[in-house]
>>> print(open('my_file.pdb').read())   # PDB, C-alpha atoms, pLDDT in the B column
MODEL        1
ATOM      1  CA  MET X 794       0.000   0.000   0.000  1.00 66.00           C
ATOM      2  CA  ASN X 795       1.424   3.377  -1.022  1.00 83.00           C
ATOM      3  CA  ALA X 796      -1.090   5.821   0.460  1.00 87.00           C
ATOM      4  CA  LEU X 797      -4.175   6.273   2.568  1.00 90.00           C
ATOM      5  CA  ILE X 798      -6.944   8.441   1.146  1.00 92.00           C
ATOM      6  CA  LEU X 799      -9.432  10.013   3.561  1.00 92.00           C
ATOM      7  CA  THR X 800     -12.826  11.007   2.201  1.00 94.00           C
ATOM      8  CA  THR X 801     -15.774  12.695   3.874  1.00 93.00           C
ATOM      9  CA  ASN X 802     -19.461  13.213   3.225  1.00 94.00           C
ATOM     10  CA  VAL X 803     -19.476  16.992   3.787  1.00 93.00           C
ATOM     11  CA  ILE X 804     -17.194  18.310   1.026  1.00 91.00           C
ATOM     12  CA  ASN X 805     -17.381  18.350  -2.744  1.00 88.00           C
ATOM     13  CA  ASN X 806     -14.197  19.474  -4.489  1.00 84.00           C
ATOM     14  CA  GLY X 807     -15.872  19.310  -7.895  1.00 81.00           C
ATOM     15  CA  SER X 808     -13.254  19.170 -10.625  1.00 75.00           C
ATOM     16  CA  PHE X 809     -10.291  19.468  -8.206  1.00 80.00           C
ATOM     17  CA  SER X 810     -10.238  15.810  -7.192  1.00 83.00           C
ATOM     18  CA  ASN X 811     -11.591  12.463  -8.282  1.00 85.00           C
ATOM     19  CA  PRO X 812     -13.559  11.409  -6.341  1.00 89.00           C
ATOM     20  CA  PRO X 813     -14.685  14.909  -5.342  1.00 91.00           C
ATOM     21  CA  ASN X 814     -14.925  14.164  -1.605  1.00 92.00           C
ATOM     22  CA  ILE X 815     -11.208  13.650  -0.839  1.00 91.00           C
ATOM     23  CA  LEU X 816     -10.251  15.246   2.467  1.00 89.00           C
ATOM     24  CA  THR X 817      -6.531  14.388   2.418  1.00 88.00           C
ATOM     25  CA  THR X 818      -4.023  11.774   1.351  1.00 87.00           C
ATOM     26  CA  ILE X 819      -1.345  10.260   3.563  1.00 85.00           C
ATOM     27  CA  PRO X 820       1.738   8.815   1.863  1.00 83.00           C
ATOM     28  CA  LEU X 821       3.006   5.610   3.446  1.00 82.00           C
ATOM     29  CA  SER X 822       6.687   4.834   3.561  1.00 77.00           C
ATOM     30  CA  ALA X 823       6.822   2.785   6.761  1.00 67.00           C
ATOM     31  CA  LYS X 824       6.580  -0.983   7.175  1.00 70.00           C
ATOM     32  CA  TYR X 825       3.223  -2.696   7.727  1.00 70.00           C
ATOM     33  CA  GLY X 826       2.011  -2.247  11.290  1.00 69.00           C
ATOM     34  CA  SER X 827       4.253   0.692  12.095  1.00 70.00           C
ATOM     35  CA  GLN X 828       2.950   3.995  13.412  1.00 71.00           C
ATOM     36  CA  ILE X 829       1.604   6.573  10.956  1.00 75.00           C
ATOM     37  CA  ASN X 830       2.234  10.130  12.024  1.00 71.00           C
ATOM     38  CA  MET X 831       1.349  13.076   9.828  1.00 73.00           C
ATOM     39  CA  GLN X 832       1.307  16.756  10.726  1.00 70.00           C
ATOM     40  CA  PRO X 833      -0.230  18.424   7.664  1.00 67.00           C
ATOM     41  CA  PHE X 834      -0.520  22.153   7.177  1.00 73.00           C
ATOM     42  CA  PRO X 835      -4.088  23.471   7.500  1.00 75.00           C
ATOM     43  CA  VAL X 836      -6.202  23.088   4.374  1.00 79.00           C
ATOM     44  CA  TRP X 837      -9.585  24.798   4.329  1.00 81.00           C
ATOM     45  CA  TYR X 838     -12.483  23.322   2.374  1.00 84.00           C
ATOM     46  CA  ASN X 839     -15.943  24.685   1.790  1.00 84.00           C
ATOM     47  CA  ILE X 840     -18.580  22.480   3.340  1.00 86.00           C
ATOM     48  CA  THR X 841     -21.331  21.544   0.909  1.00 86.00           C
ATOM     49  CA  PRO X 842     -24.514  23.410   1.915  1.00 86.00           C
ATOM     50  CA  GLY X 843     -27.065  21.290   3.733  1.00 87.00           C
ATOM     51  CA  HIS X 844     -27.907  19.766   7.079  1.00 90.00           C
ATOM     52  CA  TYR X 845     -25.817  16.877   8.335  1.00 91.00           C
ATOM     53  CA  ASN X 846     -26.620  14.390  11.085  1.00 95.00           C
ATOM     54  CA  SER X 847     -23.054  13.121  11.088  1.00 94.00           C
ATOM     55  CA  LEU X 848     -19.595  13.700   9.711  1.00 93.00           C
ATOM     56  CA  ILE X 849     -18.346  10.509   8.073  1.00 94.00           C
ATOM     57  CA  ILE X 850     -14.644  10.009   7.364  1.00 93.00           C
ATOM     58  CA  THR X 851     -13.733   6.958   5.308  1.00 95.00           C
ATOM     59  CA  VAL X 852     -10.186   5.587   5.094  1.00 93.00           C
ATOM     60  CA  ASN X 853      -9.340   4.080   1.709  1.00 95.00           C
ATOM     61  CA  ASP X 854      -6.292   2.520   0.093  1.00 92.00           C
ATOM     62  CA  GLN X 855      -4.804   3.920  -3.139  1.00 90.00           C
ATOM     63  CA  HIS X 856      -7.388   1.922  -5.144  1.00 92.00           C
ATOM     64  CA  MET X 857     -10.272   3.487  -3.154  1.00 93.00           C
ATOM     65  CA  ASN X 858     -11.030   0.227  -1.300  1.00 95.00           C
ATOM     66  CA  LYS X 859     -12.454   0.989   2.154  1.00 96.00           C
ATOM     67  CA  LEU X 860     -10.210   0.042   5.060  1.00 92.00           C
ATOM     68  CA  LYS X 861     -11.061  -0.700   8.668  1.00 90.00           C
ATOM     69  CA  ILE X 862      -9.049   0.858  11.464  1.00 84.00           C
ATOM     70  CA  TYR X 863      -8.630  -1.391  14.494  1.00 84.00           C
ATOM     71  CA  ASP X 864      -6.371   0.961  16.445  1.00 80.00           C
ATOM     72  CA  TYR X 865      -8.237   2.590  19.340  1.00 81.00           C
ATOM     73  CA  ASP X 866      -5.483   5.218  19.654  1.00 80.00           C
ATOM     74  CA  CYS X 867      -6.204   6.672  16.214  1.00 80.00           C
ATOM     75  CA  VAL X 868      -6.636  10.458  16.319  1.00 81.00           C
ATOM     76  CA  ILE X 869      -7.910  12.583  13.446  1.00 83.00           C
ATOM     77  CA  LYS X 870      -7.899  16.298  14.166  1.00 82.00           C
ATOM     78  CA  LEU X 871     -10.252  18.566  12.228  1.00 84.00           C
ATOM     79  CA  ASN X 872     -10.476  22.341  12.535  1.00 82.00           C
ATOM     80  CA  PHE X 873     -13.568  24.311  11.609  1.00 81.00           C
ATOM     81  CA  ARG X 874     -13.910  28.031  11.170  1.00 79.00           C
ATOM     82  CA  GLU X 875     -16.598  30.342   9.931  1.00 78.00           C
ATOM     83  CA  LYS X 876     -15.948  31.642   6.448  1.00 74.00           C
ATOM     84  CA  ASP X 877     -14.870  35.287   6.402  1.00 71.00           C
ATOM     85  CA  MET X 878     -17.201  36.891   3.881  1.00 64.00           C
ATOM     86  CA  SER X 879     -15.618  40.383   4.169  1.00 65.00           C
ATOM     87  CA  SER X 880     -13.069  39.665   1.426  1.00 63.00           C
ATOM     88  CA  TYR X 881     -15.725  38.766  -1.160  1.00 58.00           C
ATOM     89  CA  THR X 882     -17.053  41.364  -3.606  1.00 59.00           C
ATOM     90  CA  LYS X 883     -20.738  42.084  -3.110  1.00 56.00           C
ATOM     91  CA  TYR X 884     -22.864  42.732  -6.186  1.00 52.00           C
TER      92      TYR X 884
ENDMDL
END
>>> encode(input="my_file.pdb", output="structure tokens")
Amino acid sequence: MNALILTTNVINNGSFSNPPNILTTIPLSAKYGSQINMQPFPVWYNITPGHYNSLIITVNDQHMNKLKIYDYDCVIKLNFREKDMSSYTKY
């Protein structure tokens, strides 16, 4: 396995990614079973308008096959912020 691909149900990157719901990718260079540690820089996505009952994050391999995580110490940190509309031109 070369990479993990995390997808979510609340974003749609349109033509920027295929599939359009990719949250991030994690390159793997370690041996099987070793610890994965990634400290990415913040990336801000627009959340698709709508009402959500849950935020679903799916972990996939490089062929988009869903993977199960059995590690109870797994931590995924997400940051949310309100979009600053002051920089947009109003018509």
>>> resolve_selection(input="my_file.pdb", expression="the PyMOL selection byres ((chain X and resi 830) around 12)", output="JSON, numbers by chain")
{"X": [819, 820, 821, 822, 823, 827, 828, 829, 831, 832, 833, 866, 867, 868, 869]}
>>> closest_residue(input="my_file.pdb", among="X:Val836, X:Ser847, X:Asn853, X:Leu797", to="Leu871 (chain X)", atoms="all atoms listed in the file")
X:Val836
>>> closest_residue(input="my_file.pdb", among="X:Gly807, X:Trp837, X:Ile815, X:Asn802", to="Met857 (chain X)", atoms="all atoms listed in the file")
X:Ile815
>>> atom_distance(input="my_file.pdb", atom1="CA of Asn846 (chain X)", atom2="CA of Tyr865 (chain X)")
23.4 Å
>>> closest_residue(input="my_file.pdb", among="X:Leu816, X:Ser808, X:Lys870, X:Pro835", to="Val852 (chain X)", atoms="only C-alpha atoms")
X:Leu816
>>> residues_near_point(input="my_file.pdb", point="(-11.5, 11.3, -3.1)", cutoff="9 Å", atoms="only C-alpha atoms", output="list in words")
Ile798, Leu799, Thr800, Thr801, Asn806, Ser810, Asn811, Pro812, Pro813, Asn814, Ile815, Leu816, Thr817, Thr818, Asn853 and Met857 of chain X
